[in-house]
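Undergrad: Mind having a look at this structure? Questions to follow.
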Amino acid sequence: MKRQPVTFYSEAVKLVGDVYYPDDLRPGEKRAGIILCHGYTGVKDLYLPDNARVLNEAGYIAMTFDYKGWGASAGPRTRLAPYSRVADVQAALTFFGTLPEVDAEHLGIYGTSYGGATVVWVGAVDARVKCIVSVVGIGHGARWMRSVRRPDEWHDLLERSRADRVKRALDGQSEFVDRTEILLLDRQSAGLAAAARRNIPAAVSTVPLEFIDDTLGFHPEWVVDKIAPRPILFITTDDDRLVPPDESAQLYARAGEPKKLVILKGAGHYEVYADPGFSEVMRATVAWYKEYLPPRQ
């Protein structure tokens with residue numbers, strides 16, 4: 001595959017990405033394109049190049065990018081800003097469609113973890129998206145954050161959020177904390193996440209507390225029914241202790257047809273990024289795209 005660095009703008013902020021082209025792309029040919037959307041603290045060089053490689057092998061052009069304030073992109077650093085991320089994906093769709101090799105009428109999106117929530121929202125509000133894959137995604141931010149905490153931890157989280165909300169209003173700054181104080185990594189996830197991030201210079205370890213408020217009000221299951229009749233595939237695992245599989249199940253229950261729910265057996269959250277889980281995810285993903293968004297029209 002060939003990788004081409006690109007830049008584009010979202011809400012007047014410069015974003016940085018990479019476009020991956022299949023080796024068999026002929027001069028003058030157009031192909032369907034897939035935009036890959038990362039999660040919580042993900043950056044374009046973490047995990048997603050592997051997805052792009054598999055999609056290239058299946059015949060698709062793929063694109064990764066860093067959200068505002070993440071990786072190489074400009075903007076206030078390491079904010080989550082879920083609706084801003086939706087705008088970033090929409091800007092990526094617009095840019096992607098201008099490339100001469102990309103068929104702008106046949107665009108898909110793929111999101112993992114928090115990106116699995118982002119692509120649901122984008123699909124619901126942007127009809128340019130013709131096919132969606134959401135992997136280990138979040139359906140209801142408040143329910144998810146509550147579900148992985150003990151009652152006293154939940155109480156403390158809400159109090160920290162309240163105090164930081166006041167701080168932001170008074171001085172314009174959110175307090176930065178270690179990412180694991182907000183994203184409660186289970187034993188299963190912690191080691192896998194640390195190993196994957198170890199050699200990625202852009203990976204961050206601190207995030208602003210405003211993430212709490214951002215997530216408490218972000219519920220993609222409120223809009224997932226607006227995607228139909230465009231197709232959406234949900235992939236989750238039966239042993240995800242970071243984003244419980246019920247999040248994908250609730251999204252699936254509220255989505256219209258055509259839809260599908262795939263549950264990987266014996267895998268956890270971060271095991272969708274490495275074999276054998278990764279290959280299972282991509283087999284289901286490629287099959288879904290080929291059924292509803294063939295690479296060549």
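Chain lettering (A, B, ...) mirrors the order of the structure tokens, residue numbering begins at 1 for each chain separately, and ligand numbering begins at 1 in order of display.
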Find the residues near A:Leu93: any atom within 10 Å, counting only C-alpha atoms, skip ones fewer than 5 places away on the same chain, and give them as a count of residues only.

TA: 14

Undergrad: Just want the 9 Å neighbourhood of A:Ala127, counted on only C-alpha atoms, with same-chain residues fewer than 4 positions away dropped. Output as a list in words.

TA: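 Final neighbour list, sorted by chain and number: Val122, Gly123, Ile227 and Arg230 of chain A.
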
Undergrad: Export all heavy atoms of the chosen residues as an mmCIF file, in the first residue's frame?

TA:
```cif
data_model
loop_
_atom_site.group_PDB
_atom_site.id
_atom_site.type_symbol
_atom_site.label_atom_id
_atom_site.label_comp_id
_atom_site.auth_asym_id
_atom_site.auth_seq_id
_atom_site.Cartn_x
_atom_site.Cartn_y
_atom_site.Cartn_z
ATOM 1 N N VAL A 122 -22.088 10.661 13.350
ATOM 2 C CA VAL A 122 -21.843 11.178 11.998
ATOM 3 C C VAL A 122 -22.791 10.534 10.997
ATOM 4 O O VAL A 122 -23.392 11.212 10.155
ATOM 5 C CB VAL A 122 -20.381 10.945 11.581
ATOM 6 C CG1 VAL A 122 -20.165 11.339 10.122
ATOM 7 C CG2 VAL A 122 -19.431 11.731 12.475
ATOM 8 N N GLY A 123 -22.946 9.225 11.092
ATOM 9 C CA GLY A 123 -23.837 8.540 10.169
ATOM 10 C C GLY A 123 -25.271 9.020 10.268
ATOM 11 O O GLY A 123 -25.992 9.085 9.268
ATOM 12 N N ILE A 227 -30.039 6.508 10.982
ATOM 13 C CA ILE A 227 -29.126 6.004 9.952
ATOM 14 C C ILE A 227 -29.860 5.191 8.888
ATOM 15 O O ILE A 227 -29.586 5.327 7.699
ATOM 16 C CB ILE A 227 -28.003 5.175 10.600
ATOM 17 C CG1 ILE A 227 -27.098 6.087 11.443
ATOM 18 C CG2 ILE A 227 -27.191 4.428 9.554
ATOM 19 C CD1 ILE A 227 -26.104 5.351 12.304
ATOM 20 N N ARG A 230 -29.572 3.162 5.547
ATOM 21 C CA ARG A 230 -28.161 2.885 5.304
ATOM 22 C C ARG A 230 -27.674 1.855 6.323
ATOM 23 O O ARG A 230 -28.115 1.848 7.468
ATOM 24 C CB ARG A 230 -27.353 4.180 5.389
ATOM 25 C CG ARG A 230 -27.607 5.128 4.204
ATOM 26 C CD ARG A 230 -27.078 6.520 4.471
ATOM 27 N NE ARG A 230 -27.813 7.135 5.564
ATOM 28 C CZ ARG A 230 -27.265 7.874 6.530
ATOM 29 N NH1 ARG A 230 -25.960 8.063 6.567
ATOM 30 N NH2 ARG A 230 -28.003 8.404 7.462
#
```

Undergrad: Determine, counting only C-alpha atoms, which protein, DNA and RNA residues have an atom within 12 Å of an atom of A:Arg149; residues of the same chain fewer than 4 positions away are not included. Present the result as a VMD selection string.

TA: chain A and resid 142 to 145 153 to 158 181 to 186 241 to 244

Undergrad: Out of stretch 47-263 of chain A, which residues get helix (DSSP H, G or I) from DSSP, as JSON, numbers by chain?

TA: {"A": [48, 49, 50, 51, 52, 53, 54, 55, 56, 57, 82, 83, 84, 85, 86, 87, 88, 89, 90, 91, 92, 93, 94, 95, 96, 97, 98, 114, 115, 116, 117, 118, 119, 120, 121, 122, 123, 124, 125, 141, 142, 143, 144, 145, 146, 147, 151, 152, 153, 154, 155, 156, 157, 158, 159, 160, 161, 162, 163, 164, 165, 166, 167, 168, 169, 170, 171, 179, 180, 181, 182, 187, 188, 189, 190, 191, 192, 193, 194, 195, 196, 197, 210, 211, 212, 213, 214, 215, 216, 220, 221, 222, 224, 225, 226, 246, 247, 248, 249, 250, 251, 252, 253, 254]}

Undergrad: If we count only C-alpha atoms and set the cut-off at 12 Å, which residues sit around A:Lys290, ignoring sequence neighbours fewer than 4 positions away in its own chain? Please answer as a ChimeraX atom specification.

TA: /A:32-34,55,58-60,106,108,131-132,231,282-286,294-297

Undergrad: Find the residue from A:Ser113, A:Arg3, A:Pro208, A:Leu15 that sits nearest to A:Gly172; use only C-alpha atoms when measuring.

TA: A:Pro208

Undergrad: So which one's closest to A:Glu291, A:Ala267, A:Val120, A:Ala255, A:Ile232? Using only C-alpha atoms, please.

TA: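 Going through A:Ala267, A:Val120, A:Ala255, A:Ile232 one by one, the smallest distance to A:Glu291 is for A:Ile232.
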
Undergrad: A:Ala249, A:Ala117, A:Arg79, A:Glu280: which is nearest A:Leu209, counting only C-alpha atoms?

TA: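 The shortest atom-to-atom distance to A:Leu209 comes from A:Arg79.
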
Undergrad: Env of A:Ser134: 6 Å cut, atoms = only C-alpha atoms, seq-sep filter 6 positions within chain, self excluded. Answer as an MDAnalysis selection string.

TA: chainID A and resid 111 116 234

Undergrad: Store the residues of this selection in a file with N, CA, C and O atoms, as a PDB file, in the first residue's frame.

TA:
```pdb
ATOM      1  N   GLY A 111     -15.262   3.236  13.044  1.00  0.00           N
ATOM      2  CA  GLY A 111     -14.824   3.830  14.295  1.00  0.00           C
ATOM      3  C   GLY A 111     -14.644   2.780  15.367  1.00  0.00           C
ATOM      4  O   GLY A 111     -15.392   1.800  15.439  1.00  0.00           O
ATOM      5  N   GLY A 116     -16.248   4.518  17.860  1.00  0.00           N
ATOM      6  CA  GLY A 116     -17.449   3.762  17.525  1.00  0.00           C
ATOM      7  C   GLY A 116     -18.709   4.537  17.830  1.00  0.00           C
ATOM      8  O   GLY A 116     -19.740   4.344  17.182  1.00  0.00           O
ATOM      9  N   PHE A 234     -22.305  -3.456  14.015  1.00  0.00           N
ATOM     10  CA  PHE A 234     -21.734  -3.282  15.351  1.00  0.00           C
ATOM     11  C   PHE A 234     -20.904  -4.516  15.686  1.00  0.00           C
ATOM     12  O   PHE A 234     -21.352  -5.650  15.497  1.00  0.00           O
TER      13      PHE A 234
END
```

Undergrad: Rank nothing, just name the residue among A:Glu210, A:Glu29, A:Asp50, A:Asp240 nearest to A:Phe278, using only C-alpha atoms.

TA: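 Among the listed residues, the smallest separation from A:Phe278 belongs to A:Asp50.
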
Undergrad: Extract, using only C-alpha atoms, all DNA, RNA and protein residues at most 8 Å from stretch 213-222 of chain A, discarding same-chain residues fewer than 3 positions from it, and format them as a list in words.

TA: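 In the requested format, the answer is Leu80, Ala81, Pro82, Ala117, Thr118, Val120, Trp121, Ile138, Gly139, His140, Gly141, Ala142, Met145, Ser161, Arg165, Leu209, Glu210, Asp225, Gln250, Leu251 and Arg254 of chain A.
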
Undergrad: Can you spit out the residues from that selection as a compact mmCIF listing (two decimals), in the first residue's frame, using N, CA and C atoms?

TA:
```txt
# COMPACT_ATOMS: atom_id res chain seq x y z
N LEU A 80 -11.47 16.17 24.42
CA LEU A 80 -12.29 15.14 23.78
C LEU A 80 -13.30 15.77 22.83
N ALA A 81 -14.14 16.69 23.33
CA ALA A 81 -15.06 17.48 22.51
C ALA A 81 -15.80 16.62 21.48
N PRO A 82 -16.74 15.77 21.91
CA PRO A 82 -17.34 14.80 21.00
C PRO A 82 -18.02 15.40 19.78
N ALA A 117 -18.63 5.43 18.84
CA ALA A 117 -19.74 6.33 19.13
C ALA A 117 -19.77 7.48 18.12
N THR A 118 -18.59 8.01 17.81
CA THR A 118 -18.50 9.15 16.88
C THR A 118 -19.10 8.80 15.52
N VAL A 120 -21.36 6.65 14.74
CA VAL A 120 -22.82 6.54 14.80
C VAL A 120 -23.44 7.92 14.65
N TRP A 121 -22.90 8.89 15.39
CA TRP A 121 -23.47 10.24 15.32
C TRP A 121 -23.28 10.83 13.92
N ILE A 138 -19.50 3.15 22.28
CA ILE A 138 -20.30 3.61 23.42
C ILE A 138 -21.63 4.12 22.91
N GLY A 139 -22.73 3.69 23.53
CA GLY A 139 -24.05 4.13 23.11
C GLY A 139 -24.61 5.26 23.95
N HIS A 140 -24.28 5.27 25.24
CA HIS A 140 -24.82 6.28 26.16
C HIS A 140 -23.70 6.64 27.14
N GLY A 141 -23.16 7.85 27.00
CA GLY A 141 -21.97 8.20 27.77
C GLY A 141 -22.12 8.09 29.26
N ALA A 142 -23.23 8.61 29.81
CA ALA A 142 -23.42 8.57 31.26
C ALA A 142 -23.58 7.13 31.75
N MET A 145 -20.08 5.47 31.76
CA MET A 145 -19.18 5.91 32.83
C MET A 145 -19.65 5.41 34.19
N SER A 161 -16.22 16.70 38.31
CA SER A 161 -16.75 17.33 37.11
C SER A 161 -17.40 18.67 37.45
N ARG A 165 -16.13 22.27 36.13
CA ARG A 165 -17.07 23.08 35.34
C ARG A 165 -17.02 24.53 35.83
N LEU A 209 -10.22 17.38 32.68
CA LEU A 209 -11.40 16.87 33.36
C LEU A 209 -12.70 17.22 32.62
N GLU A 210 -12.65 18.17 31.69
CA GLU A 210 -13.86 18.50 30.94
C GLU A 210 -14.35 17.28 30.15
N ASP A 225 -31.13 5.57 15.22
CA ASP A 225 -32.25 5.17 14.37
C ASP A 225 -32.37 6.02 13.11
N GLN A 250 -27.21 -2.14 22.95
CA GLN A 250 -28.25 -1.11 23.02
C GLN A 250 -28.30 -0.29 21.73
N LEU A 251 -27.15 0.01 21.15
CA LEU A 251 -27.13 0.69 19.86
C LEU A 251 -27.81 -0.16 18.79
N ARG A 254 -31.61 -0.24 18.89
CA ARG A 254 -32.29 0.99 18.48
C ARG A 254 -32.08 1.34 17.01
```

Undergrad: Taking only C-alpha atoms into account, which of A:Leu48, A:Ile61, A:Val43, A:Val148 comes nearest A:Asp23?

TA: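 Once distances to A:Asp23 are computed over only C-alpha atoms, the minimum belongs to A:Ile61.
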
Undergrad: At what distance in Å, to one decimal, does atom CA of A:Glu247 lie from atom CA of A:Lys259?

TA: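 Separating atom CA of A:Lys259 from atom CA of A:Glu247 is a distance of 15.3 Å.
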
Undergrad: Just give me the gap between atom CA of A:Trp70 and atom CA of A:Val16 in Å, one decimal is fine.

TA: 9.5 Å
